[in-house]
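Undergrad: Just dropping this structure here.
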Amino acid sequence: MRGNTMSKVWLITGANSGFGRAFTEAAVGAGDVVVAAVRRAATVDDLIAAHPDQVEAVTLDVTDTEAIDRVVADVVARHGRIDVLVNNAGRTHVGSVEENGDAELRSLFDLHFFGPAALTRAVLPHMRARRSGAIVQLSSVGGQMSMAGFGAYSATKFALEGLSEALQAEVKPLGIDVLIVEPGAFRTSLFGNHSLSEGEIADYAETVGATRAYVETGGGQQAGDPAKAAAAVLAALNAEETPLRLALGGDSIDTILSHLDQVRADLTAWDKVGRETTFDD
């Protein structure tokens with residue numbers, strides 16, 4: 001990415017709304033080409049009409065892992081490369097750990113983990129061949145910590161971050177960047193695109209119930225500006241040293257710092273006990 005002045009080719013999932021649309025508009029503004037991977041091509045008709053030489057649509061449901069290799073191969077055949085993969089498609093889910101069923105968990109992991117993992121595997125051979133490229137993983141502040149009701153959602157983001165941290169160690173020597181983006185509350189359609197576990201358990205009304213209410217009523221009031229988030233991501237990708245993680249929004253930064261303080265406090269308080277678990281040789 002760094003020092004490359006030619007137009008880049010982006011493959012962005014969920015490009016029709018929220019962060020995906022903001023990334024698309026930012027990339028177009030930088031003179032790049034965007035292949036918008038969406039479930040319904042018509043949802044990006046306006047972007048294509050406004051930028052016919054820079055935006056095109058490809059139909060892809062990221063949970064259909066069998067279609068991913070075909071789509072990536074088609075993009076590479078037509079454009080010669082994929083410079084930036086943005087794994088952005090996602091949704092919010094609220095439910096207590098006890099309320100979440102296997103089907104709900106698997107559906108969320110298909111969308112937030114297995115789909116991005118398959119897309120990452122599909123683009124890597126092409127990026128390795130050129131010793132260039134970037135993979136942007138849309139995580140969340142919930143990829144660093146969790147709270148009541150967000151257990152399933154955070155589990156998928158924790159998994160994505162763990163995969164991506166190892167990925168960076170593997171591909172950085174090959175000239176490929178990995179950027180994990182951890183937004184806080186931004187004014188996107190994410191809260192509008194949410195699911196709730198069925199069969200609410202009354203004992204969780206004060207904990208999970210508060211999270212449900214926040215998600216159901218908080219849409220459109222978030223402080224974060226998706227356009228500014230997209231600009232920050234482009235700045236990180238074009239920096240001399242692209243960071244592994246980029247927290248976006250004061251709420252995300254403050255929450256993660258507070259969480260790290262708690263982790264450090266637990267480590268410190270139980271340091272002696274933890275260290276005394278070795279053999280007495």
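Just remember, in the structure tokens the first chain shown is A, the second B, etc., residues are 1-based per chain, and ligands are 1-based in the order shown.
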So that I can check the surroundings of Leu160 in chain A, please list as a ChimeraX atom specification every protein, DNA and RNA residue that reaches within 9 Å of it, counting only C-alpha atoms and ignoring chain neighbours fewer than 6 positions away.
TA: /A:112-114,116-117,137-139,143,180
Undergrad: If you count only C-alpha atoms, which residues fall within 6 Å of range 52-64 of chain A, apart from same-chain ones fewer than 2 positions away, as a PDB file with C-alpha atoms, in the first residue's frame?
TA:
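This is the output file selection_13.pdb:
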```
ATOM      1  CA  VAL A  33     -11.750   1.236  -7.921  1.00  0.00           C
ATOM      2  CA  VAL A  34     -14.250  -0.553  -5.674  1.00  0.00           C
ATOM      3  CA  VAL A  35     -15.870  -3.918  -6.247  1.00  0.00           C
ATOM      4  CA  ALA A  36     -18.887  -3.765  -3.967  1.00  0.00           C
ATOM      5  CA  ALA A  37     -19.784  -7.236  -2.716  1.00  0.00           C
ATOM      6  CA  VAL A  38     -23.450  -7.153  -1.693  1.00  0.00           C
ATOM      7  CA  ARG A  39     -26.298  -9.603  -1.414  1.00  0.00           C
ATOM      8  CA  ALA A  41     -26.717  -5.608  -6.495  1.00  0.00           C
ATOM      9  CA  ILE A  48     -22.470   2.877  -9.659  1.00  0.00           C
ATOM     10  CA  ALA A  49     -24.494   5.607 -11.389  1.00  0.00           C
ATOM     11  CA  GLU A  66     -18.460 -21.971  -1.835  1.00  0.00           C
ATOM     12  CA  ALA A  67     -19.091 -18.800  -3.887  1.00  0.00           C
ATOM     13  CA  ASP A 110     -20.766 -17.760   9.608  1.00  0.00           C
ATOM     14  CA  LEU A 111     -21.210 -14.042   8.973  1.00  0.00           C
ATOM     15  CA  GLY A 115     -17.030 -15.762   5.783  1.00  0.00           C
TER      16      GLY A 115
END
```
Undergrad: In Å to one decimal, how far is CA of Glu182 in chain A from CA of Ala247 in chain A?
TA: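 Straight-line distance from CA of Ala247 in chain A to CA of Glu182 in chain A works out to 4.5 Å.
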Undergrad: Among range 37-264 of chain A, which ones does DSSP place in alpha helix (DSSP H), written as a PyMOL selection string?
TA: chain A and resi 45-50+65-79+102-109+115-130+151-171+208-217+226-237+250-264
Undergrad: So that I can check the surroundings of range 92-95 of chain A, please list as a PyMOL selection string every protein, DNA and RNA residue that reaches within 12 Å of it, counting only C-alpha atoms and ignoring chain neighbours fewer than 5 positions away.
TA: chain A and resi 100-101+104-105+107-109+111-112+139-140+142+146-157+185+188-201+204-205+207-216+219
Undergrad: Would you mind exporting N, CA and C atoms of the selected residues as a short mmCIF file (atom, residue, chain, number, x, y, z; two decimals), in the first residue's frame?
TA:
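Written output follows (selection-v8.cif):
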```
data_model
loop_
_atom_site.label_atom_id
_atom_site.label_comp_id
_atom_site.auth_asym_id
_atom_site.auth_seq_id
_atom_site.Cartn_x
_atom_site.Cartn_y
_atom_site.Cartn_z
N ASN A 100 -29.07 -17.69 23.91
CA ASN A 100 -28.57 -17.92 22.56
C ASN A 100 -28.51 -19.42 22.24
N GLY A 101 -29.20 -19.81 21.18
CA GLY A 101 -29.17 -21.21 20.76
C GLY A 101 -28.03 -21.47 19.79
N GLU A 104 -28.39 -19.73 16.37
CA GLU A 104 -28.07 -18.30 16.39
C GLU A 104 -26.56 -18.09 16.42
N LEU A 105 -25.86 -18.87 17.23
CA LEU A 105 -24.41 -18.75 17.32
C LEU A 105 -23.75 -19.09 16.00
N SER A 107 -25.00 -19.03 12.98
CA SER A 107 -25.34 -18.03 11.97
C SER A 107 -24.44 -16.80 12.10
N LEU A 108 -24.22 -16.36 13.33
CA LEU A 108 -23.40 -15.18 13.56
C LEU A 108 -21.93 -15.46 13.24
N PHE A 109 -21.45 -16.65 13.60
CA PHE A 109 -20.07 -17.01 13.28
C PHE A 109 -19.87 -17.16 11.78
N LEU A 111 -21.27 -15.40 9.52
CA LEU A 111 -21.21 -14.04 8.97
C LEU A 111 -19.95 -13.30 9.38
N HIS A 112 -19.59 -13.38 10.65
CA HIS A 112 -18.50 -12.56 11.18
C HIS A 112 -17.14 -13.25 11.20
N SER A 139 -13.88 -5.23 13.09
CA SER A 139 -14.21 -5.80 14.39
C SER A 139 -15.09 -4.78 15.11
N SER A 140 -14.80 -4.53 16.35
CA SER A 140 -15.64 -3.66 17.17
C SER A 140 -14.92 -3.45 18.50
N GLY A 142 -16.33 -4.33 20.83
CA GLY A 142 -16.74 -5.63 21.36
C GLY A 142 -15.81 -6.75 20.98
N SER A 146 -16.47 -7.38 26.41
CA SER A 146 -17.87 -7.68 26.17
C SER A 146 -18.72 -7.20 27.34
N MET A 147 -20.02 -7.30 27.16
CA MET A 147 -20.96 -6.88 28.19
C MET A 147 -22.22 -7.73 28.08
N ALA A 148 -23.06 -7.64 29.07
CA ALA A 148 -24.28 -8.45 29.10
C ALA A 148 -25.08 -8.28 27.82
N GLY A 149 -25.44 -9.38 27.20
CA GLY A 149 -26.25 -9.35 25.99
C GLY A 149 -25.46 -9.41 24.71
N PHE A 150 -24.18 -9.06 24.77
CA PHE A 150 -23.35 -9.06 23.57
C PHE A 150 -22.39 -10.23 23.50
N GLY A 151 -22.63 -11.26 24.30
CA GLY A 151 -21.71 -12.39 24.36
C GLY A 151 -21.48 -13.05 23.01
N ALA A 152 -22.54 -13.35 22.29
CA ALA A 152 -22.41 -14.03 21.00
C ALA A 152 -21.72 -13.13 19.99
N TYR A 153 -22.15 -11.88 19.93
CA TYR A 153 -21.55 -10.92 19.00
C TYR A 153 -20.06 -10.77 19.29
N SER A 154 -19.71 -10.55 20.56
CA SER A 154 -18.30 -10.37 20.92
C SER A 154 -17.49 -11.63 20.66
N ALA A 155 -18.08 -12.79 20.87
CA ALA A 155 -17.36 -14.04 20.62
C ALA A 155 -16.89 -14.11 19.17
N THR A 156 -17.73 -13.68 18.24
CA THR A 156 -17.34 -13.71 16.82
C THR A 156 -16.22 -12.72 16.56
N LYS A 157 -16.28 -11.56 17.20
CA LYS A 157 -15.25 -10.54 16.98
C LYS A 157 -13.94 -10.91 17.68
N ALA A 185 -19.61 3.39 18.96
CA ALA A 185 -20.96 3.65 18.43
C ALA A 185 -20.88 4.67 17.29
N THR A 188 -24.46 4.30 11.91
CA THR A 188 -24.67 3.43 10.75
C THR A 188 -26.02 2.73 10.94
N SER A 189 -26.29 1.80 10.04
CA SER A 189 -27.55 1.04 10.14
C SER A 189 -27.39 -0.22 10.97
N LEU A 190 -26.26 -0.35 11.69
CA LEU A 190 -25.99 -1.60 12.40
C LEU A 190 -27.08 -1.93 13.41
N PHE A 191 -27.53 -0.93 14.18
CA PHE A 191 -28.57 -1.20 15.16
C PHE A 191 -29.88 -1.56 14.48
N GLY A 192 -30.10 -0.99 13.29
CA GLY A 192 -31.31 -1.34 12.55
C GLY A 192 -31.26 -2.75 12.00
N ASN A 193 -30.05 -3.26 11.80
CA ASN A 193 -29.86 -4.62 11.29
C ASN A 193 -29.40 -5.50 12.44
N HIS A 194 -30.32 -5.82 13.33
CA HIS A 194 -29.96 -6.61 14.50
C HIS A 194 -30.96 -7.76 14.69
N SER A 195 -30.52 -8.74 15.43
CA SER A 195 -31.39 -9.85 15.80
C SER A 195 -31.40 -9.99 17.30
N LEU A 196 -32.47 -10.57 17.80
CA LEU A 196 -32.63 -10.76 19.24
C LEU A 196 -32.93 -12.23 19.52
N SER A 197 -32.35 -12.75 20.57
CA SER A 197 -32.67 -14.12 20.96
C SER A 197 -34.12 -14.21 21.39
N GLU A 198 -34.74 -15.32 21.05
CA GLU A 198 -36.13 -15.53 21.45
C GLU A 198 -36.18 -16.11 22.86
N GLY A 199 -37.34 -16.02 23.46
CA GLY A 199 -37.54 -16.61 24.79
C GLY A 199 -36.75 -15.89 25.87
N GLU A 200 -37.03 -14.61 26.02
CA GLU A 200 -36.31 -13.82 27.03
C GLU A 200 -36.52 -14.40 28.42
N ILE A 201 -35.45 -14.46 29.18
CA ILE A 201 -35.50 -14.98 30.55
C ILE A 201 -35.56 -13.80 31.51
N TYR A 204 -32.73 -11.95 33.49
CA TYR A 204 -31.75 -11.11 32.82
C TYR A 204 -32.33 -9.76 32.38
N ALA A 205 -33.49 -9.42 32.90
CA ALA A 205 -34.16 -8.18 32.47
C ALA A 205 -33.33 -6.94 32.76
N THR A 207 -30.00 -6.73 33.13
CA THR A 207 -28.68 -6.74 32.48
C THR A 207 -28.83 -6.77 30.96
N VAL A 208 -29.26 -7.91 30.44
CA VAL A 208 -29.44 -8.04 29.00
C VAL A 208 -30.56 -7.12 28.51
N GLY A 209 -31.57 -6.95 29.35
CA GLY A 209 -32.68 -6.07 28.97
C GLY A 209 -32.22 -4.66 28.68
N ALA A 210 -31.28 -4.16 29.45
CA ALA A 210 -30.76 -2.81 29.22
C ALA A 210 -30.04 -2.72 27.88
N THR A 211 -29.33 -3.78 27.52
CA THR A 211 -28.64 -3.80 26.24
C THR A 211 -29.64 -3.86 25.09
N ARG A 212 -30.69 -4.67 25.25
CA ARG A 212 -31.73 -4.74 24.23
C ARG A 212 -32.34 -3.36 24.00
N ALA A 213 -32.65 -2.66 25.07
CA ALA A 213 -33.26 -1.34 24.95
C ALA A 213 -32.33 -0.36 24.25
N TYR A 214 -31.05 -0.45 24.58
CA TYR A 214 -30.06 0.44 23.96
C TYR A 214 -30.00 0.22 22.45
N VAL A 215 -29.98 -1.03 22.03
CA VAL A 215 -29.89 -1.34 20.61
C VAL A 215 -31.18 -0.95 19.89
N GLU A 216 -32.31 -1.18 20.52
CA GLU A 216 -33.59 -0.93 19.86
C GLU A 216 -33.95 0.56 19.79
N GLY A 219 -30.46 3.81 17.67
CA GLY A 219 -30.11 4.06 16.28
C GLY A 219 -30.29 5.52 15.90
#
```
Undergrad: So which residues touch Val76 in chain A within 12 Å, counting only C-alpha atoms, skipping near sequence neighbours fewer than 5 positions away, as a PyMOL selection string?
TA: chain A and resi 9-11+35+69-71+81-84+122-127
Undergrad: Could you please take those selected residues and save C-alpha atoms as an mmCIF file, in the first residue's frame?
TA:
```cif
data_model
loop_
_atom_site.group_PDB
_atom_site.id
_atom_site.type_symbol
_atom_site.label_atom_id
_atom_site.label_comp_id
_atom_site.auth_asym_id
_atom_site.auth_seq_id
_atom_site.Cartn_x
_atom_site.Cartn_y
_atom_site.Cartn_z
ATOM 1 C CA VAL A 9 -8.645 -2.188 -6.382
ATOM 2 C CA TRP A 10 -10.820 -2.698 -3.306
ATOM 3 C CA LEU A 11 -13.151 -5.612 -2.580
ATOM 4 C CA VAL A 35 -15.870 -3.918 -6.247
ATOM 5 C CA ASP A 69 -13.362 -18.440 -4.514
ATOM 6 C CA ARG A 70 -15.370 -17.891 -7.696
ATOM 7 C CA VAL A 71 -16.014 -14.226 -6.908
ATOM 8 C CA ARG A 81 -5.418 -7.841 -8.592
ATOM 9 C CA ILE A 82 -7.132 -7.048 -5.301
ATOM 10 C CA ASP A 83 -5.159 -4.478 -3.333
ATOM 11 C CA VAL A 84 -7.492 -4.126 -0.355
ATOM 12 C CA ALA A 122 -9.054 -16.543 -1.226
ATOM 13 C CA VAL A 123 -7.202 -13.237 -1.702
ATOM 14 C CA LEU A 124 -3.938 -14.195 -0.015
ATOM 15 C CA PRO A 125 -2.387 -16.195 -2.887
ATOM 16 C CA HIS A 126 -2.782 -13.155 -5.170
ATOM 17 C CA MET A 127 -1.403 -10.742 -2.579
#
```
